[in-house]
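Asker: I'm passing along protein20.txt; it holds compact mmCIF, C-alpha atoms.
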# COMPACT_ATOMS: atom_id res chain seq x y z
CA MET A 1 -64.52 26.11 -62.43
CA SER A 2 -67.48 28.29 -63.43
CA LEU A 3 -68.93 27.97 -59.92
CA LEU A 4 -65.58 28.94 -58.44
CA ASN A 5 -65.41 31.99 -60.72
CA ASP A 6 -68.95 32.92 -59.74
CA LEU A 7 -68.01 32.79 -56.07
CA VAL A 8 -64.82 34.79 -56.61
CA ASN A 9 -66.85 37.47 -58.40
CA LEU A 10 -69.67 37.67 -55.85
CA ASN A 11 -70.92 41.24 -55.43
CA LEU A 12 -71.01 41.76 -51.67
CA CYS A 13 -72.69 45.17 -51.99
CA ASP A 14 -76.02 43.39 -52.54
CA VAL A 15 -75.99 41.66 -49.15
CA THR A 16 -73.74 43.55 -46.73
CA GLU A 17 -72.13 46.92 -46.02
CA LYS A 18 -68.95 45.17 -44.90
CA VAL A 19 -65.88 45.36 -47.10
CA ILE A 20 -62.63 43.44 -47.50
CA ALA A 21 -59.39 45.37 -46.99
CA ASP A 22 -56.18 43.80 -48.26
CA TYR A 23 -53.30 45.11 -46.11
CA ILE A 24 -50.06 45.16 -48.13
CA TRP A 25 -46.52 45.72 -46.89
CA ILE A 26 -42.90 45.16 -47.92
CA GLY A 27 -41.11 42.12 -46.46
CA GLY A 28 -37.63 41.68 -45.08
CA SER A 29 -35.78 41.40 -48.41
CA GLY A 30 -36.90 44.90 -49.35
CA MET A 31 -38.52 43.58 -52.54
CA ASP A 32 -40.92 40.83 -51.44
CA MET A 33 -44.49 42.01 -51.03
CA ARG A 34 -46.77 40.50 -48.41
CA SER A 35 -50.52 40.86 -47.86
CA LYS A 36 -53.38 39.62 -45.76
CA ALA A 37 -57.05 40.58 -45.75
CA ARG A 38 -59.53 41.56 -43.07
CA THR A 39 -63.20 42.47 -42.90
CA LEU A 40 -64.12 46.06 -42.04
CA PRO A 41 -67.56 47.55 -41.21
CA GLY A 42 -67.67 49.67 -44.36
CA PRO A 43 -65.74 51.70 -46.94
CA GLU A 44 -63.16 54.25 -45.83
CA SER A 45 -61.15 56.85 -47.76
CA ASP A 46 -58.90 58.08 -44.93
CA PRO A 47 -56.08 55.63 -44.11
CA SER A 48 -55.62 57.18 -40.65
CA LYS A 49 -59.11 55.93 -39.74
CA LEU A 50 -58.32 52.32 -40.61
CA PRO A 51 -57.26 50.02 -37.77
CA LYS A 52 -53.61 49.09 -37.35
CA TRP A 53 -52.88 45.38 -37.54
CA ASN A 54 -50.04 42.98 -36.81
CA TYR A 55 -48.28 40.00 -38.33
CA ASP A 56 -45.56 37.45 -37.59
CA GLY A 57 -42.34 39.28 -38.43
CA SER A 58 -40.24 36.17 -37.79
CA SER A 59 -41.76 34.68 -40.95
CA THR A 60 -40.82 37.70 -43.08
CA GLU A 61 -37.24 38.16 -41.77
CA GLN A 62 -38.30 41.30 -39.89
CA ALA A 63 -38.33 40.03 -36.30
CA THR A 64 -37.10 37.19 -34.11
CA GLY A 65 -39.28 34.31 -33.00
CA ASP A 66 -39.22 35.34 -29.34
CA ASN A 67 -40.46 38.86 -30.18
CA SER A 68 -42.21 38.35 -33.48
CA GLU A 69 -45.07 40.86 -33.50
CA VAL A 70 -44.76 43.63 -36.08
CA ILE A 71 -47.39 46.34 -36.46
CA ILE A 72 -48.67 47.55 -39.83
CA TYR A 73 -49.89 51.12 -40.20
CA PRO A 74 -52.26 51.92 -43.11
CA GLN A 75 -50.85 54.75 -45.24
CA ALA A 76 -52.67 54.83 -48.61
CA ILE A 77 -55.95 53.38 -49.88
CA PHE A 78 -56.66 52.13 -53.41
CA ARG A 79 -59.68 50.49 -55.03
CA ASP A 80 -59.35 46.71 -55.27
CA PRO A 81 -59.47 45.60 -58.94
CA PHE A 82 -59.62 41.93 -57.94
CA ARG A 83 -62.55 41.95 -55.49
CA ARG A 84 -63.98 45.21 -56.86
CA GLY A 85 -67.10 46.72 -55.28
CA SER A 86 -66.15 48.87 -52.29
CA ASN A 87 -63.24 46.62 -51.33
CA MET A 88 -59.82 48.14 -50.76
CA LEU A 89 -56.10 47.64 -51.21
CA VAL A 90 -54.23 49.31 -48.36
CA MET A 91 -50.54 50.22 -48.65
CA CYS A 92 -48.93 49.98 -45.21
CA ASP A 93 -45.58 50.49 -43.53
CA VAL A 94 -44.27 48.61 -40.51
CA TYR A 95 -43.33 49.40 -36.90
CA THR A 96 -42.38 47.76 -33.65
CA PRO A 97 -45.05 47.44 -30.93
CA THR A 98 -43.51 50.53 -29.28
CA GLY A 99 -44.09 52.59 -32.43
CA ASP A 100 -40.57 52.72 -33.85
CA PRO A 101 -40.11 52.10 -37.59
CA ILE A 102 -38.34 48.81 -38.21
CA PRO A 103 -35.08 48.96 -40.25
CA THR A 104 -36.76 47.89 -43.50
CA ASN A 105 -39.35 50.70 -43.25
CA LYS A 106 -37.97 53.07 -45.88
CA ARG A 107 -41.26 54.95 -46.17
CA PHE A 108 -40.87 56.50 -42.72
CA ILE A 109 -37.54 58.14 -43.64
CA ALA A 110 -38.83 59.25 -47.03
CA ASP A 111 -41.90 60.84 -45.48
CA LYS A 112 -39.72 62.91 -43.14
CA ILE A 113 -37.84 64.29 -46.17
CA PHE A 114 -41.03 65.00 -48.11
CA SER A 115 -42.54 66.73 -45.05
CA HIS A 116 -39.65 69.21 -44.80
CA PRO A 117 -41.02 72.73 -45.50
CA ASP A 118 -38.42 73.40 -48.23
CA VAL A 119 -39.40 70.20 -50.04
CA VAL A 120 -43.14 70.83 -49.62
CA ALA A 121 -42.70 74.30 -51.13
CA GLU A 122 -41.02 72.85 -54.24
CA GLU A 123 -43.79 70.27 -54.93
CA PRO A 124 -41.48 67.58 -56.37
CA TRP A 125 -43.05 65.61 -59.20
CA TYR A 126 -41.91 62.12 -60.19
CA GLY A 127 -42.54 59.93 -63.19
CA ILE A 128 -41.07 56.45 -62.72
CA GLU A 129 -40.51 54.10 -65.66
CA GLN A 130 -40.70 50.64 -64.10
CA GLU A 131 -39.17 47.93 -66.29
CA TYR A 132 -39.70 44.24 -65.53
CA THR A 133 -39.31 40.82 -67.12
CA LEU A 134 -41.87 38.05 -67.40
CA PHE A 135 -40.61 34.49 -66.96
CA GLN A 136 -42.12 31.11 -67.76
CA LYS A 137 -43.12 29.50 -64.48
CA ASP A 138 -41.74 26.02 -65.05
CA THR A 139 -38.58 26.78 -67.04
CA LYS A 140 -37.42 29.98 -65.29
CA TRP A 141 -36.68 31.39 -68.75
CA PRO A 142 -38.14 34.61 -70.20
CA LEU A 143 -41.62 34.46 -71.64
CA GLY A 144 -41.54 33.78 -75.38
CA TRP A 145 -37.97 32.45 -75.39
CA PRO A 146 -37.32 28.92 -76.68
CA VAL A 147 -36.56 26.64 -73.75
CA GLY A 148 -32.80 26.33 -73.38
CA GLY A 149 -32.21 28.65 -76.30
CA PHE A 150 -32.30 32.26 -77.37
CA PRO A 151 -34.59 34.31 -79.60
CA ALA A 152 -33.42 36.45 -82.50
CA PRO A 153 -31.20 39.39 -81.47
CA GLN A 154 -32.65 42.59 -80.04
CA GLY A 155 -34.11 45.05 -82.50
CA PRO A 156 -37.71 44.14 -83.38
CA TYR A 157 -39.06 43.81 -79.82
CA TYR A 158 -39.07 47.41 -78.50
CA CYS A 159 -42.70 48.56 -78.85
CA GLY A 160 -43.08 45.58 -81.16
CA VAL A 161 -46.33 44.07 -82.39
CA GLY A 162 -46.97 40.43 -83.29
CA SER A 163 -46.85 36.99 -81.72
CA ASP A 164 -43.14 36.65 -82.52
CA LYS A 165 -42.24 40.01 -80.91
CA ALA A 166 -44.61 40.75 -78.01
CA PHE A 167 -44.84 38.15 -75.27
CA GLY A 168 -47.26 38.62 -72.38
CA ARG A 169 -49.36 41.49 -73.68
CA ASP A 170 -52.50 40.10 -71.99
CA ILE A 171 -50.74 40.45 -68.61
CA VAL A 172 -49.54 43.95 -69.47
CA ASP A 173 -52.97 45.21 -70.57
CA ALA A 174 -54.69 43.59 -67.58
CA HIS A 175 -52.23 45.37 -65.31
CA TYR A 176 -52.71 48.70 -67.10
CA LYS A 177 -56.48 48.64 -66.61
CA ALA A 178 -56.26 47.29 -63.06
CA CYS A 179 -53.98 50.16 -62.05
CA LEU A 180 -56.36 52.73 -63.54
CA PHE A 181 -59.24 51.07 -61.68
CA ALA A 182 -57.24 51.15 -58.45
CA GLY A 183 -56.63 54.89 -58.73
CA ILE A 184 -52.94 54.69 -59.61
CA ASN A 185 -51.75 57.44 -61.96
CA ILE A 186 -50.29 54.98 -64.46
CA SER A 187 -49.48 56.99 -67.56
CA GLY A 188 -48.49 54.34 -70.08
CA ILE A 189 -46.95 50.99 -70.99
CA ASN A 190 -44.64 49.67 -73.72
CA GLY A 191 -42.71 46.61 -74.77
CA GLU A 192 -39.00 46.88 -74.02
CA VAL A 193 -35.81 46.11 -75.95
CA MET A 194 -35.32 42.59 -74.62
CA PRO A 195 -38.11 40.15 -75.54
CA GLY A 196 -40.29 39.28 -72.56
CA GLN A 197 -39.46 42.62 -70.95
CA TRP A 198 -42.01 45.41 -70.48
CA GLU A 199 -42.35 48.79 -68.85
CA PHE A 200 -45.09 50.75 -67.14
CA GLN A 201 -44.89 54.39 -66.12
CA VAL A 202 -46.37 55.95 -62.98
CA GLY A 203 -46.61 59.71 -62.82
CA PRO A 204 -46.55 62.57 -62.55
CA VAL A 205 -47.08 62.01 -58.82
CA THR A 206 -46.05 64.31 -55.99
CA GLY A 207 -43.78 63.37 -53.08
CA ILE A 208 -44.41 60.29 -50.94
CA SER A 209 -47.40 59.29 -53.08
CA SER A 210 -45.02 58.32 -55.87
CA GLY A 211 -43.55 55.52 -53.77
CA ASP A 212 -46.99 54.41 -52.58
CA GLN A 213 -48.29 54.18 -56.13
CA VAL A 214 -45.27 52.38 -57.60
CA TRP A 215 -45.30 49.79 -54.80
CA MET A 216 -49.04 49.23 -55.25
CA ALA A 217 -48.61 48.92 -59.03
CA ARG A 218 -45.92 46.29 -58.39
CA TYR A 219 -48.26 44.42 -56.06
CA ILE A 220 -51.08 44.41 -58.60
CA LEU A 221 -48.70 43.17 -61.31
CA GLU A 222 -47.46 40.37 -59.05
CA ARG A 223 -51.05 39.31 -58.37
CA ILE A 224 -51.87 39.27 -62.08
CA THR A 225 -48.81 37.17 -62.95
CA GLU A 226 -49.88 34.80 -60.16
CA ILE A 227 -53.25 34.38 -61.88
CA ALA A 228 -51.65 34.04 -65.33
CA GLY A 229 -49.11 31.44 -64.20
CA ALA A 230 -46.08 33.60 -65.07
CA VAL A 231 -43.22 34.74 -62.85
CA LEU A 232 -42.41 38.42 -62.39
CA SER A 233 -38.78 39.54 -62.13
CA PHE A 234 -37.33 42.93 -61.22
CA ASP A 235 -33.76 41.70 -61.62
CA PRO A 236 -31.69 44.51 -63.22
CA LYS A 237 -29.90 42.07 -65.55
CA PRO A 238 -32.14 39.02 -65.87
CA VAL A 239 -30.17 37.46 -68.73
CA LEU A 240 -26.42 37.88 -69.12
CA GLY A 241 -24.95 38.69 -72.51
CA ASP A 242 -26.01 41.04 -75.28
CA TRP A 243 -29.42 41.77 -73.79
CA ASN A 244 -30.69 44.96 -72.21
CA GLY A 245 -31.05 45.13 -68.46
CA ALA A 246 -34.05 46.47 -66.56
CA GLY A 247 -34.14 49.87 -64.90
CA ALA A 248 -36.49 52.30 -63.20
CA HIS A 249 -35.64 55.61 -64.84
CA THR A 250 -36.87 58.38 -62.58
CA ASN A 251 -38.13 61.61 -64.12
CA TYR A 252 -38.05 64.54 -61.72
CA SER A 253 -38.94 68.19 -61.48
CA THR A 254 -39.58 70.83 -58.84
CA LYS A 255 -41.75 73.93 -59.03
CA SER A 256 -38.64 76.03 -59.63
CA MET A 257 -37.61 73.76 -62.52
CA ARG A 258 -41.05 73.98 -64.08
CA ASN A 259 -41.14 77.78 -63.90
CA ASP A 260 -39.53 80.15 -66.41
CA GLY A 261 -35.74 80.01 -66.10
CA GLY A 262 -35.98 76.54 -64.60
CA ILE A 263 -33.10 75.22 -66.74
CA GLU A 264 -30.65 76.94 -64.38
CA VAL A 265 -32.21 75.13 -61.42
CA ILE A 266 -31.99 71.88 -63.37
CA ASN A 267 -28.30 72.46 -64.06
CA GLU A 268 -27.66 73.17 -60.38
CA ALA A 269 -29.53 70.01 -59.38
CA ILE A 270 -27.53 67.87 -61.82
CA GLU A 271 -24.30 69.34 -60.44
CA LYS A 272 -25.38 68.34 -56.93
CA LEU A 273 -26.23 64.81 -58.12
CA SER A 274 -22.79 64.51 -59.69
CA LYS A 275 -21.14 65.26 -56.33
CA ARG A 276 -23.13 62.53 -54.56
CA HIS A 277 -22.90 59.93 -57.32
CA LYS A 278 -21.49 57.15 -55.13
CA GLU A 279 -24.10 57.65 -52.42
CA HIS A 280 -26.92 57.49 -54.95
CA ILE A 281 -25.53 54.43 -56.71
CA ALA A 282 -25.29 52.62 -53.35
CA ALA A 283 -29.02 53.28 -52.81
CA TYR A 284 -30.27 52.69 -56.35
CA GLY A 285 -30.75 48.91 -56.26
CA LYS A 286 -28.94 45.62 -55.74
CA GLY A 287 -27.03 44.10 -58.65
CA ASN A 288 -27.00 47.38 -60.56
CA GLU A 289 -23.32 46.86 -61.44
CA ARG A 290 -24.46 44.09 -63.82
CA ARG A 291 -26.65 46.61 -65.64
CA LEU A 292 -24.70 49.90 -65.57
CA THR A 293 -21.82 48.83 -67.79
CA GLY A 294 -21.76 51.66 -70.33
CA LEU A 295 -23.50 49.38 -72.84
CA HIS A 296 -27.17 48.76 -73.64
CA GLU A 297 -28.29 52.38 -73.10
CA THR A 298 -26.56 52.80 -69.74
CA ALA A 299 -23.73 54.86 -68.32
CA ASP A 300 -20.80 53.22 -66.54
CA ILE A 301 -21.61 52.76 -62.86
CA ASN A 302 -18.37 54.44 -61.70
CA THR A 303 -18.68 57.64 -63.73
CA PHE A 304 -21.33 60.36 -63.57
CA SER A 305 -22.36 61.93 -66.86
CA TRP A 306 -25.25 63.90 -68.25
CA GLY A 307 -26.41 65.09 -71.63
CA VAL A 308 -29.31 66.29 -73.72
CA ALA A 309 -31.26 63.38 -75.28
CA ASN A 310 -28.38 61.05 -74.33
CA ARG A 311 -29.65 57.63 -73.22
CA GLY A 312 -26.08 56.55 -72.51
CA ALA A 313 -25.72 59.14 -69.73
CA SER A 314 -26.41 58.94 -66.00
CA VAL A 315 -28.86 61.84 -66.31
CA ARG A 316 -30.73 62.82 -69.46
CA VAL A 317 -32.26 66.21 -70.19
CA GLY A 318 -34.98 66.15 -72.84
CA ARG A 319 -34.94 68.22 -76.02
CA ASP A 320 -38.19 69.95 -75.02
CA THR A 321 -36.71 70.97 -71.67
CA GLU A 322 -33.64 72.40 -73.38
CA LYS A 323 -35.78 74.24 -75.94
CA GLU A 324 -38.25 75.70 -73.44
CA GLY A 325 -35.65 76.47 -70.79
CA LYS A 326 -37.66 74.70 -68.11
CA GLY A 327 -39.12 71.28 -67.33
CA TYR A 328 -37.65 68.09 -65.90
CA PHE A 329 -34.74 65.68 -66.14
CA GLU A 330 -34.40 61.89 -66.03
CA ASP A 331 -32.13 60.02 -63.62
CA ARG A 332 -31.36 56.84 -65.57
CA ARG A 333 -29.29 55.15 -62.85
CA PRO A 334 -31.95 53.45 -60.65
CA SER A 335 -32.34 49.73 -61.26
CA SER A 336 -35.65 47.94 -61.69
CA ASN A 337 -35.44 46.57 -58.14
CA MET A 338 -34.88 49.96 -56.52
CA ASP A 339 -37.06 51.11 -53.61
CA PRO A 340 -39.09 54.08 -54.91
CA TYR A 341 -39.33 55.52 -51.39
CA VAL A 342 -35.53 55.61 -51.20
CA VAL A 343 -34.87 56.90 -54.72
CA THR A 344 -37.50 59.65 -54.81
CA SER A 345 -36.67 61.00 -51.35
CA MET A 346 -32.93 60.87 -51.97
CA ILE A 347 -33.25 62.87 -55.18
CA ALA A 348 -35.32 65.48 -53.31
CA GLU A 349 -32.86 65.55 -50.41
CA THR A 350 -29.82 66.01 -52.67
CA THR A 351 -31.34 68.59 -55.01
CA ILE A 352 -33.36 70.64 -52.49
CA LEU A 353 -31.94 70.17 -48.98
CA TRP A 354 -28.28 69.21 -49.44
CA LYS A 355 -25.75 72.03 -49.24
CA PRO A 356 -22.41 71.08 -50.86
As structure tokens - that is how I would like this structure written.
Answerer:
Amino acid sequence: MSLLNDLVNLNLCDVTEKVIADYIWIGGSGMDMRSKARTLPGPESDPSKLPKWNYDGSSTEQATGDNSEVIIYPQAIFRDPFRRGSNMLVMCDVYTPTGDPIPTNKRFIADKIFSHPDVVAEEPWYGIEQEYTLFQKDTKWPLGWPVGGFPAPQGPYYCGVGSDKAFGRDIVDAHYKACLFAGINISGINGEVMPGQWEFQVGPVTGISSGDQVWMARYILERITEIAGAVLSFDPKPVLGDWNGAGAHTNYSTKSMRNDGGIEVINEAIEKLSKRHKEHIAAYGKGNERRLTGLHETADINTFSWGVANRGASVRVGRDTEKEGKGYFEDRRPSSNMDPYVVTSMIAETTILWKP
């Protein structure tokens, strides 16, 4: 095993200028991440200068067998924390051979919204709180839970410390550092209310880059759990019963909200969100009805609500924002399996572009 580790950790910079680029894209389910690697002549910081590539879309539920070629376009480059050196992780989106975005390419639509002059002028910032659950590989039961049984009730696990409260911290810390190495603006981590559940935060990040960074952070986490022999779940209600679900609370502000008097802009934005509640819920993740029950720090899925410091509301405004009269708000409705391209662009579209 030591020889294998030595080979995995070979420093290519000593012998060649060539680098390995891992091309990463989203598969047909909308949540499965796929990747394959290729050798490039040298490092590159501009994704538009990287070559396009292709893959078998019939094996990812994105094409038929008789017309299976799907083209991947590089969109964002990150440092590779696994191969290190000058090697790269490349976030891509997917197109037909004729250059049309395939139906599962949500980035294309989001980029059109974020490129609108009115949206560009407002410089939308996002901070996404990505919750997830770690499962034991062989038992399909949350990490740290007794096989076939349940741990003590919720209470001591949120931000908890100790071998009987925090399960999987080595994975969490490895992911934290790997994201920082990669160039992702990960801003923190914490243990969540349900044992075996954790959260990382990405932001503040502007516009389309928010989706790129959250997807890449998910990919890195999936790779680390692969190495650790754990299973990663973004299910919004991984265990039924008196256990918290998993969300992706999305913190949001525009330039107008961050400026003096921004609280009025925030109030107007929340009013717009209330009028498009059903449309947002439909786009905020599969299985969210199992999570948004009005219990466990959620609002009921059928009713829009907002409040200051209220974690049982659809939208929460922080005390500091209320006090300063400017700042941001938190949309607490998105589920952990939401598509960040969809959620971030839809919030911008509703609050900036939509005219009731």
Asker: Using all atoms listed in the file, find the one residue out of A:Gly285, A:Gly318, A:Pro97, A:Gly168 that sits nearest to A:Ile224.
Answerer: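 Among the listed residues, A:Gly168 lies closest to A:Ile224.
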Asker: One decimal, Å: what's the distance from atom CA of A:Val94 over to atom CA of A:Pro74, could you say?
Answerer: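 Taking atom CA of A:Val94 as the start and atom CA of A:Pro74 as the end point, the length is 9.0 Å.
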Asker: How many Å separate atom CA of A:Ile189 from atom CA of A:Gly203?
Answerer: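 Going from atom CA of A:Ile189 over to atom CA of A:Gly203, I get 12.0 Å.
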Asker: So what do you get for atom CA of A:Asp260 versus atom CA of A:Val342, distance-wise?
Answerer: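 Going from atom CA of A:Asp260 over to atom CA of A:Val342, I get 29.1 Å.
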Asker: Using all atoms listed in the file for the distances, tell me which of A:Trp141, A:Tyr219, A:Tyr157, A:Phe200 is nearest to A:Trp25.
Answerer: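 Closest to A:Trp25 of all the choices is A:Tyr219.
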Asker: With distances taken over all atoms listed in the file, which residue among A:His116, A:Lys355, A:Lys49, A:Lys255 lies nearest A:Arg276?
Answerer: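 Ranking A:His116, A:Lys355, A:Lys49, A:Lys255 by distance to A:Arg276, first place goes to A:Lys355.
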Asker: Quick one: stretch 245-263 of chain A with N, CA, C and O atoms, as a short mmCIF file (atom, residue, chain, number, x, y, z; two decimals), keeping the file's coordinate frame?
Answerer:
data_model
loop_
_atom_site.label_atom_id
_atom_site.label_comp_id
_atom_site.auth_asym_id
_atom_site.auth_seq_id
_atom_site.Cartn_x
_atom_site.Cartn_y
_atom_site.Cartn_z
N GLY A 245 -30.63 45.33 -69.83
CA GLY A 245 -31.05 45.13 -68.46
C GLY A 245 -32.39 45.81 -68.21
O GLY A 245 -33.06 46.27 -69.14
N ALA A 246 -32.77 45.87 -66.94
CA ALA A 246 -34.05 46.47 -66.56
C ALA A 246 -33.81 47.57 -65.53
O ALA A 246 -33.14 47.35 -64.52
N GLY A 247 -34.34 48.75 -65.80
CA GLY A 247 -34.14 49.87 -64.90
C GLY A 247 -35.45 50.44 -64.39
O GLY A 247 -36.53 49.89 -64.62
N ALA A 248 -35.32 51.55 -63.68
CA ALA A 248 -36.49 52.30 -63.20
C ALA A 248 -36.14 53.78 -63.34
O ALA A 248 -35.97 54.49 -62.35
N HIS A 249 -35.99 54.22 -64.58
CA HIS A 249 -35.64 55.61 -64.84
C HIS A 249 -36.61 56.53 -64.11
O HIS A 249 -37.83 56.34 -64.17
N THR A 250 -36.06 57.52 -63.43
CA THR A 250 -36.87 58.38 -62.58
C THR A 250 -36.84 59.81 -63.09
O THR A 250 -35.81 60.49 -63.06
N ASN A 251 -37.98 60.25 -63.61
CA ASN A 251 -38.13 61.61 -64.12
C ASN A 251 -38.54 62.52 -62.97
O ASN A 251 -39.40 62.17 -62.15
N TYR A 252 -37.93 63.71 -62.92
CA TYR A 252 -38.05 64.54 -61.72
C TYR A 252 -38.09 66.01 -62.08
O TYR A 252 -37.38 66.46 -62.98
N SER A 253 -38.94 66.74 -61.37
CA SER A 253 -38.94 68.19 -61.48
C SER A 253 -39.43 68.80 -60.18
O SER A 253 -40.14 68.16 -59.41
N THR A 254 -39.05 70.04 -59.94
CA THR A 254 -39.58 70.83 -58.84
C THR A 254 -40.32 72.03 -59.42
O THR A 254 -40.24 72.30 -60.62
N LYS A 255 -41.02 72.75 -58.56
CA LYS A 255 -41.75 73.93 -59.03
C LYS A 255 -40.80 74.93 -59.68
O LYS A 255 -41.11 75.51 -60.73
N SER A 256 -39.61 75.09 -59.07
CA SER A 256 -38.64 76.03 -59.63
C SER A 256 -38.15 75.59 -61.00
O SER A 256 -37.87 76.42 -61.87
N MET A 257 -38.03 74.28 -61.22
CA MET A 257 -37.61 73.76 -62.52
C MET A 257 -38.68 73.94 -63.57
O MET A 257 -38.38 74.13 -64.76
N ARG A 258 -39.94 73.87 -63.14
CA ARG A 258 -41.05 73.98 -64.08
C ARG A 258 -41.39 75.42 -64.45
O ARG A 258 -42.09 75.68 -65.42
N ASN A 259 -40.90 76.37 -63.64
CA ASN A 259 -41.14 77.78 -63.90
C ASN A 259 -40.16 78.33 -64.93
O ASN A 259 -39.14 77.71 -65.23
N ASP A 260 -40.43 79.50 -65.45
CA ASP A 260 -39.53 80.15 -66.41
C ASP A 260 -38.13 80.27 -65.79
O ASP A 260 -37.99 80.64 -64.62
N GLY A 261 -37.12 79.99 -66.59
CA GLY A 261 -35.74 80.01 -66.10
C GLY A 261 -35.35 78.76 -65.35
O GLY A 261 -34.26 78.69 -64.78
N GLY A 262 -36.22 77.76 -65.37
CA GLY A 262 -35.98 76.54 -64.60
C GLY A 262 -34.76 75.75 -65.03
O GLY A 262 -34.25 74.93 -64.27
N ILE A 263 -34.27 75.98 -66.26
CA ILE A 263 -33.10 75.22 -66.74
C ILE A 263 -31.89 75.47 -65.85
O ILE A 263 -31.06 74.57 -65.66
#
